[in-house]
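Novice: So that we are looking at the same thing, I have put the structure below in structure tokens.
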Amino acid sequence: MPKKMIKRFLPSHESIKEQKALKVFGTLLHDANLWHLNRKSASGAFGLGLFFAFWPVPFQMWLSAACAIPLRVNLPLSVATVWITNPFTMPPIFYGAYLVGVSVLGQPAQEFTFQLSWEWVVQSLETIGPAFLLGCGICAVVFGLLGYFGMNLLWRYSVNKAWKKRQQRKLNHMTHRL
């Protein structure tokens, strides 16, 4: 079940290989293991993608791909998962990360207006930066681990469910024959 569902949403190998940002990896993208989808590769890719989704940098996709290659996890899933943070979801997700950082540092939250620009990030490093970056780091680790273990559990549950269903069909088939 997770494998079929995941494959529906993944970009094709060709579209990933044609991404300008990923062309720097050259022939490394030809490794078949980067395109194989199993429990280990899916769990690792989902966790990795979520980890980098919380990094407040404009090259999250590249970072996720760069780590997927040596870790030998599913490259398309790793890159696609990063897009959980997109121009529409970034403001609430990064504001949540900022609140996590404020809470951990024990500081009062400061009012600010989020702007989707690198310039705003650089200017804000002095005021909200420490809390924001700490919150992003904490969220990256927590959601990366939750994504890894969550996908792993979902995959196992799905395989067990399919196995039990198959066993039940076998049993029903045998009892009908008698």
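Ordering of the structure tokens sets the chain letters (A, B, ...); residue numbers start at 1 within each chain; ligands are numbered from 1 in the order shown.
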Where does segment 75-163 of chain A meet segment 54-62 of chain A within 12 Å, residue by residue, with the nearest atom pair and distance in Å to one decimal for each, counting only C-alpha atoms, listed by chain and rising number, as CSV?
Specialist:
```
residue,atom,partner,partner_atom,distance
A:Leu75,CA,A:Met61,CA,10.2
A:Pro76,CA,A:Met61,CA,10.1
A:Leu77,CA,A:Met61,CA,10.7
A:Ser78,CA,A:Met61,CA,8.2
A:Val79,CA,A:Met61,CA,5.3
A:Ala80,CA,A:Met61,CA,7.9
A:Thr81,CA,A:Met61,CA,8.9
A:Val82,CA,A:Met61,CA,6.2
A:Trp83,CA,A:Met61,CA,7.9
A:Ile84,CA,A:Phe54,CA,9.1
A:Thr85,CA,A:Phe54,CA,7.4
A:Asn86,CA,A:Pro58,CA,10.3
A:Pro87,CA,A:Pro58,CA,10.9
A:Thr89,CA,A:Phe54,CA,11.1
A:Met90,CA,A:Phe54,CA,9.0
A:Pro91,CA,A:Pro56,CA,10.8
A:Pro92,CA,A:Phe54,CA,11.6
A:Ile93,CA,A:Phe54,CA,8.0
A:Phe94,CA,A:Phe54,CA,7.5
A:Tyr95,CA,A:Phe54,CA,11.0
A:Gly96,CA,A:Phe54,CA,10.5
A:Ala97,CA,A:Phe54,CA,8.1
A:Tyr98,CA,A:Phe54,CA,11.0
A:Leu116,CA,A:Pro58,CA,10.1
A:Ser117,CA,A:Pro58,CA,9.1
A:Trp118,CA,A:Pro58,CA,7.9
A:Glu119,CA,A:Val57,CA,11.5
A:Trp120,CA,A:Pro56,CA,11.4
A:Val121,CA,A:Pro56,CA,8.3
A:Val122,CA,A:Val57,CA,10.8
A:Leu125,CA,A:Pro56,CA,11.5
A:Gly129,CA,A:Pro56,CA,10.8
A:Phe132,CA,A:Pro56,CA,9.2
A:Leu133,CA,A:Pro56,CA,8.0
A:Leu134,CA,A:Trp55,CA,10.5
A:Gly135,CA,A:Phe54,CA,9.0
A:Cys136,CA,A:Phe54,CA,5.5
A:Gly137,CA,A:Phe54,CA,7.3
A:Ile138,CA,A:Phe54,CA,9.0
A:Cys139,CA,A:Phe54,CA,6.6
A:Ala140,CA,A:Phe54,CA,5.0
A:Val141,CA,A:Phe54,CA,8.8
A:Val142,CA,A:Phe54,CA,10.2
A:Phe143,CA,A:Phe54,CA,8.6
A:Gly144,CA,A:Phe54,CA,9.1
```
Novice: Any idea what's packed within 9 Å of Ser43 of chain A, counting only C-alpha atoms, ignoring anything in its chain fewer than 5 positions away? Could you give it as a tab-separated table (two decimals) with all heavy atoms, in the first residue's frame?
Specialist:
```
chain	number	residue	atom	x	y	z
A	38	ASN	N	11.81	0.58	-1.32
A	38	ASN	CA	11.49	-0.46	-0.35
A	38	ASN	C	11.39	0.21	1.03
A	38	ASN	O	11.52	1.43	1.14
A	38	ASN	CB	12.55	-1.58	-0.36
A	38	ASN	CG	13.94	-1.07	-0.07
A	38	ASN	OD1	14.14	-0.10	0.64
A	38	ASN	ND2	14.94	-1.72	-0.64
A	48	LEU	N	14.90	11.95	5.74
A	48	LEU	CA	15.89	12.89	5.22
A	48	LEU	C	15.21	14.12	4.62
A	48	LEU	O	15.62	15.26	4.88
A	48	LEU	CB	16.76	12.20	4.18
A	48	LEU	CG	17.96	12.96	3.66
A	48	LEU	CD1	18.98	13.19	4.78
A	48	LEU	CD2	18.61	12.18	2.51
A	73	VAL	N	19.38	6.19	-0.15
A	73	VAL	CA	17.92	6.18	0.07
A	73	VAL	C	17.25	6.67	-1.21
A	73	VAL	O	17.91	7.19	-2.11
A	73	VAL	CB	17.50	7.03	1.29
A	73	VAL	CG1	18.14	6.49	2.56
A	73	VAL	CG2	17.86	8.50	1.11
A	74	ASN	N	15.96	6.49	-1.31
A	74	ASN	CA	15.23	6.83	-2.53
A	74	ASN	C	15.34	8.33	-2.83
A	74	ASN	O	14.83	9.16	-2.07
A	74	ASN	CB	13.77	6.40	-2.39
A	74	ASN	CG	13.02	6.58	-3.67
A	74	ASN	OD1	12.53	7.67	-3.94
A	74	ASN	ND2	12.93	5.52	-4.45
A	147	GLY	N	9.42	11.16	10.84
A	147	GLY	CA	9.18	10.74	9.47
A	147	GLY	C	9.81	9.38	9.18
A	147	GLY	O	9.18	8.51	8.57
A	148	TYR	N	11.04	9.18	9.64
A	148	TYR	CA	11.73	7.91	9.43
A	148	TYR	C	10.97	6.77	10.10
A	148	TYR	O	10.62	5.77	9.48
A	148	TYR	CB	13.17	7.99	9.94
A	148	TYR	CG	13.88	6.66	9.86
A	148	TYR	CD1	14.44	6.23	8.67
A	148	TYR	CD2	13.95	5.82	10.97
A	148	TYR	CE1	15.07	5.01	8.58
A	148	TYR	CE2	14.57	4.59	10.89
A	148	TYR	CZ	15.13	4.18	9.70
A	148	TYR	OH	15.74	2.96	9.60
A	149	PHE	N	10.73	6.93	11.40
A	149	PHE	CA	10.08	5.85	12.14
A	149	PHE	C	8.60	5.69	11.75
A	149	PHE	O	8.08	4.58	11.71
A	149	PHE	CB	10.24	6.05	13.65
A	149	PHE	CG	11.64	5.83	14.12
A	149	PHE	CD1	12.39	6.87	14.62
A	149	PHE	CD2	12.24	4.58	14.03
A	149	PHE	CE1	13.70	6.68	15.04
A	149	PHE	CE2	13.54	4.37	14.44
A	149	PHE	CZ	14.28	5.43	14.94
A	150	GLY	N	7.95	6.81	11.44
A	150	GLY	CA	6.55	6.74	11.01
A	150	GLY	C	6.41	5.99	9.70
A	150	GLY	O	5.52	5.14	9.55
A	151	MET	N	7.26	6.30	8.72
A	151	MET	CA	7.20	5.60	7.43
A	151	MET	C	7.56	4.13	7.61
A	151	MET	O	6.94	3.25	7.00
A	151	MET	CB	8.15	6.26	6.42
A	151	MET	CG	8.15	5.60	5.06
A	151	MET	SD	6.55	5.62	4.22
A	151	MET	CE	6.55	7.30	3.63
A	152	ASN	N	8.53	3.87	8.47
A	152	ASN	CA	8.93	2.49	8.74
A	152	ASN	C	7.74	1.71	9.33
A	152	ASN	O	7.45	0.59	8.89
A	152	ASN	CB	10.11	2.49	9.72
A	152	ASN	CG	10.91	1.22	9.65
A	152	ASN	OD1	10.41	0.17	9.30
A	152	ASN	ND2	12.18	1.32	10.01
A	153	LEU	N	7.06	2.30	10.30
A	153	LEU	CA	5.91	1.63	10.91
A	153	LEU	C	4.77	1.46	9.92
A	153	LEU	O	4.12	0.41	9.88
A	153	LEU	CB	5.42	2.40	12.14
A	153	LEU	CG	6.30	2.29	13.39
A	153	LEU	CD1	5.82	3.27	14.46
A	153	LEU	CD2	6.28	0.87	13.93
A	155	TRP	N	4.97	1.24	6.69
A	155	TRP	CA	5.36	0.22	5.72
A	155	TRP	C	5.18	-1.18	6.32
A	155	TRP	O	4.62	-2.07	5.67
A	155	TRP	CB	6.81	0.44	5.31
A	155	TRP	CG	7.16	-0.25	4.02
A	155	TRP	CD1	7.40	-1.57	3.84
A	155	TRP	CD2	7.29	0.36	2.74
A	155	TRP	NE1	7.68	-1.82	2.53
A	155	TRP	CE2	7.61	-0.65	1.83
A	155	TRP	CE3	7.17	1.66	2.28
A	155	TRP	CZ2	7.83	-0.41	0.48
A	155	TRP	CZ3	7.38	1.91	0.95
A	155	TRP	CH2	7.70	0.88	0.05
```
